[in-house]
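Asker: Okay, handing you the structure first.
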Amino acid sequence: METPGNLFVVAAPSGAGKSSLVKALLELDSHLAVSISHTTRTPRGQEQQGREYVFTDEATFRAMIDRGEFFEWALVHGNLYGTSRTAIEDRLNRGEDVVLEIDWQGALQIKKIFPYAVLIFILPPSWNELQQRLQRRGEDQPDVIAQRMENARAEVAQARHFDFVIINALFETALFDLKTVVHSQRLKYAAQRRNKSQVFAALDLI
Ligand SMILES: Nc1ncnc2c1ncn2[C@@H]1O[C@H](COP(=O)(O)OP(=O)(O)OP(=O)(O)O)[C@@H](O)[C@H]1O
Ligand SMILES: Nc1nc2c(ncn2[C@@H]2O[C@H](COP(=O)(O)O)[C@@H](O)[C@H]2O)c(=O)[nH]1
């Protein structure tokens, strides 16, 4: 059987910059694919069905839960979000690397199913900067921003359960840190599997 691909999980409070960092990482790293989650949230301005998310209604989402179609799911800021099995299973089984951009509850569920998953938590440099990023993004109403800021306190407290914590102050520095984590973990797992060709391949990956 093919060796499974690496699984990276990136979590952060809303507005800390995880989507921006993961998007920039994907542009640099053709060996990595992002999983498209399901959500009951309504699409934001530029979001497209099947690109940022599979947007779905609550009845459909709950039916998927009942059929066991999610590896993980959670209620986040009042909406349901989940990683479907089809979003990552085939790719991992083909030995390819996948990154999940999900909240801390989902991250901990994933670690139970895939103990080799690497959990990365992104922190903003300050509460004030987090609020400003949410406001500057201009996608959410003030009440939604207030709820996300309130939830951020509890989310940040979960960072200690993660394998790596990256502070996203200067974007390029945080991107470098994220690249370094992904690169070093690939080497570590390839070495653990004593797969020489994967070690050499990993050296050329980023
Ligand atoms: N290092 C940074 N410095 C300044 N602004 C940043 C930085 N990183 C990201 N941003 C900006 O902050 C805003 C929030 O970023 P992003 O949408 O990536 O956050 P997120 O963590 O994915 O949020 P959500 O969970 O709500 O999707 C965006 O407008 C983004 O351009
Ligand atoms: N547990 C999961 N959390 C997820 C998933 N997809 C996204 N998320 C998280 O939800 C919040 C809000 O996202 P937004 O797009 O509405 O701003 C954020 O923390 C995401 O990481 C998922 O599949 N499972």
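We name chains A, B, ... following the order of the structure tokens; residues begin at 1 in each chain, and ligands are numbered from 1 as shown.
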Find the spatial neighbours of Ser35 (chain A), counting only C-alpha atoms, within a cut-off of 9 Å - ignore same-chain residues fewer than 3 positions away - and output them as a PDB file with N, CA and C atoms, in the first residue's frame.

Answerer:
ATOM      1  N   THR A  83     -15.075  18.686   7.615  1.00  0.00           N
ATOM      2  CA  THR A  83     -14.169  18.132   6.594  1.00  0.00           C
ATOM      3  C   THR A  83     -14.730  16.792   6.165  1.00  0.00           C
ATOM      4  N   SER A  84     -15.177  16.711   4.917  1.00  0.00           N
ATOM      5  CA  SER A  84     -15.759  15.446   4.451  1.00  0.00           C
ATOM      6  C   SER A  84     -14.642  14.443   4.155  1.00  0.00           C
ATOM      7  N   ALA A  87     -13.101  14.833   0.847  1.00  0.00           N
ATOM      8  CA  ALA A  87     -12.224  15.989   0.625  1.00  0.00           C
ATOM      9  C   ALA A  87     -10.752  15.615   0.756  1.00  0.00           C
ATOM     10  N   ILE A  88     -10.431  14.601   1.565  1.00  0.00           N
ATOM     11  CA  ILE A  88      -8.999  14.337   1.792  1.00  0.00           C
ATOM     12  C   ILE A  88      -8.559  12.885   1.621  1.00  0.00           C
ATOM     13  N   VAL A  98      -1.829  17.153   2.290  1.00  0.00           N
ATOM     14  CA  VAL A  98      -3.074  17.932   2.378  1.00  0.00           C
ATOM     15  C   VAL A  98      -2.981  18.888   3.561  1.00  0.00           C
ATOM     16  N   VAL A  99      -3.534  20.099   3.376  1.00  0.00           N
ATOM     17  CA  VAL A  99      -3.626  21.038   4.493  1.00  0.00           C
ATOM     18  C   VAL A  99      -5.097  21.339   4.766  1.00  0.00           C
ATOM     19  N   LEU A 100      -5.453  21.294   6.057  1.00  0.00           N
ATOM     20  CA  LEU A 100      -6.813  21.630   6.483  1.00  0.00           C
ATOM     21  C   LEU A 100      -6.770  22.976   7.193  1.00  0.00           C
ATOM     22  N   GLU A 101      -7.704  23.833   6.836  1.00  0.00           N
ATOM     23  CA  GLU A 101      -7.824  25.149   7.500  1.00  0.00           C
ATOM     24  C   GLU A 101      -9.087  25.087   8.330  1.00  0.00           C
TER      25      GLU A 101
END

Asker: List all protein, DNA and RNA residues that have at least one atom no more than 6 Å from any atom of ligand 1, counting only C-alpha atoms and all ligand atoms, and write them as a list in words.

Answerer: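 The distance check yields Ala12, Pro13, Ser14, Gly15, Ala16, Gly17, Lys18, Ser19, Ser20, Arg133, Leu134, Arg136, Arg137, Asn168, Ala169, Leu170 and Phe171 of chain A.
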
Asker: Output as a tab-separated table one row per residue of chain A within 9 Å of ligand 2: the closest atom pair and its distance in Å to one decimal place, counting only C-alpha atoms and all ligand atoms, sorted by chain and residue number ascending.

Answerer:
residue	atom	partner	partner_atom_place_in_ligand_line	distance
A:Val10	CA	ligand 2	21 (O)	7.6
A:Ala11	CA	ligand 2	21 (O)	5.7
A:Ala12	CA	ligand 2	19 (O)	5.9
A:Pro13	CA	ligand 2	19 (O)	5.7
A:Ser14	CA	ligand 2	19 (O)	5.2
A:Gly15	CA	ligand 2	17 (O)	7.5
A:Lys18	CA	ligand 2	21 (O)	7.7
A:Ser19	CA	ligand 2	21 (O)	8.1
A:Ser35	CA	ligand 2	23 (O)	8.1
A:Ile36	CA	ligand 2	23 (O)	7.4
A:Ser37	CA	ligand 2	23 (O)	4.2
A:His38	CA	ligand 2	23 (O)	6.0
A:Thr39	CA	ligand 2	6 (N)	6.9
A:Arg41	CA	ligand 2	16 (O)	6.6
A:Thr42	CA	ligand 2	16 (O)	8.6
A:Pro43	CA	ligand 2	16 (O)	8.7
A:Arg44	CA	ligand 2	15 (O)	8.6
A:Glu52	CA	ligand 2	15 (O)	8.0
A:Tyr53	CA	ligand 2	6 (N)	7.7
A:Phe70	CA	ligand 2	23 (O)	8.8
A:Glu72	CA	ligand 2	1 (N)	6.4
A:Trp73	CA	ligand 2	1 (N)	4.9
A:Ala74	CA	ligand 2	1 (N)	4.6
A:Leu75	CA	ligand 2	1 (N)	7.2
A:Val76	CA	ligand 2	10 (O)	5.5
A:His77	CA	ligand 2	12 (C)	6.8
A:Asn79	CA	ligand 2	16 (O)	7.8
A:Leu80	CA	ligand 2	2 (C)	7.8
A:Tyr81	CA	ligand 2	22 (C)	4.4
A:Gly82	CA	ligand 2	23 (O)	3.4
A:Thr83	CA	ligand 2	23 (O)	4.1
A:Ser84	CA	ligand 2	23 (O)	7.6
A:Leu100	CA	ligand 2	23 (O)	7.5
A:Glu101	CA	ligand 2	21 (O)	4.9
A:Ile102	CA	ligand 2	21 (O)	3.4
A:Asp103	CA	ligand 2	3 (N)	4.0
A:Trp104	CA	ligand 2	1 (N)	6.7
A:Gln105	CA	ligand 2	1 (N)	5.7
A:Gly106	CA	ligand 2	1 (N)	3.7
A:Ala107	CA	ligand 2	1 (N)	6.7
A:Gln109	CA	ligand 2	1 (N)	8.5
A:Asp140	CA	ligand 2	17 (O)	8.9
A:Arg148	CA	ligand 2	12 (C)	8.6
A:Glu155	CA	ligand 2	19 (O)	8.9

Asker: Could the residues of region 18-64 of chain A that have an atom at most 12 Å from region 175-191 of chain A be listed as a tab-separated table, each with its closest atom pair and the distance in Å to one decimal, counting only C-alpha atoms and ordered by chain and ascending residue number?

Answerer:
residue	atom	partner	partner_atom	distance
A:Lys18	CA	A:Leu175	CA	9.9
A:Ser19	CA	A:Leu175	CA	11.4
A:Ser20	CA	A:Leu175	CA	9.3
A:Leu21	CA	A:Leu175	CA	6.0
A:Val22	CA	A:Leu175	CA	8.4
A:Lys23	CA	A:Leu175	CA	10.0
A:Ala24	CA	A:Leu175	CA	7.5
A:Leu25	CA	A:Lys179	CA	6.9
A:Leu26	CA	A:Lys179	CA	9.9
A:Glu27	CA	A:Lys179	CA	11.4
A:Leu28	CA	A:Lys179	CA	8.9
A:Asp29	CA	A:Lys179	CA	8.8
A:His31	CA	A:Val182	CA	10.9
A:Leu32	CA	A:Val182	CA	9.6

Asker: Mind pulling up the distance from CA of Phe162 (chain A) to CA of Leu119 (chain A)?

Answerer: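 Rounded to one decimal, the two atoms are 5.1 Å apart.
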
Asker: Let me make sure I understand: among A:Ile65, A:Ile167, A:Leu7, A:Met149, which one has the smallest atom-to-atom distance to Ala117 (chain A) if we use only C-alpha atoms?

Answerer: A:Leu7

Asker: Between A:Val34, A:Ala63, A:Ala174, A:Leu92, which is the closest to Leu123 (chain A) once you count only C-alpha atoms?

Answerer: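 Ranking A:Val34, A:Ala63, A:Ala174, A:Leu92 by distance to Leu123 (chain A), first place goes to A:Ala174.
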
Asker: Where in region 22-65 of chain A does DSSP assign strand (DSSP E or B), given as a list in words?

Answerer: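 Assigned to strand (DSSP E or B), within region 22-65 of chain A: Leu32, Ala33, Val34, Ser37, His38, Thr39, Gln49, Tyr53, Val54 and Phe55 of chain A.
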
Asker: What separation in Å, quoted to one decimal, exists between CA of Asn6 (chain A) and CA of Phe55 (chain A)?

Answerer: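 Rounded to one decimal, the two atoms are 26.5 Å apart.
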
Asker: List every residue of region 71-102 of chain A that DSSP, applied to the backbone of this structure, assigns to alpha helix (DSSP H), and report them as a list in words.

Answerer: Arg85, Thr86, Ala87, Ile88, Glu89, Asp90, Arg91, Leu92 and Asn93 of chain A

Asker: Can those selected residues be exported to a file as a JSON list (two decimals), in the first residue's frame so that it contains C-alpha atoms?

Answerer:
[["chain", "number", "residue", "atom", "x", "y", "z"],
["A", 85, "ARG", "CA", -14.00, 12.14, 3.96],
["A", 86, "THR", "CA", -14.05, 12.66, 0.20],
["A", 87, "ALA", "CA", -12.22, 15.99, 0.63],
["A", 88, "ILE", "CA", -9.00, 14.34, 1.79],
["A", 89, "GLU", "CA", -9.12, 10.54, 1.80],
["A", 90, "ASP", "CA", -8.20, 9.82, -1.82],
["A", 91, "ARG", "CA", -5.43, 12.38, -1.87],
["A", 92, "LEU", "CA", -3.82, 11.13, 1.35],
["A", 93, "ASN", "CA", -4.11, 7.52, 0.16]]

Asker: Please, what distance in Å, to one decimal, runs between CA of Val54 (chain A) and CA of Gly78 (chain A)?

Answerer: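 So the answer is 17.0 Å.
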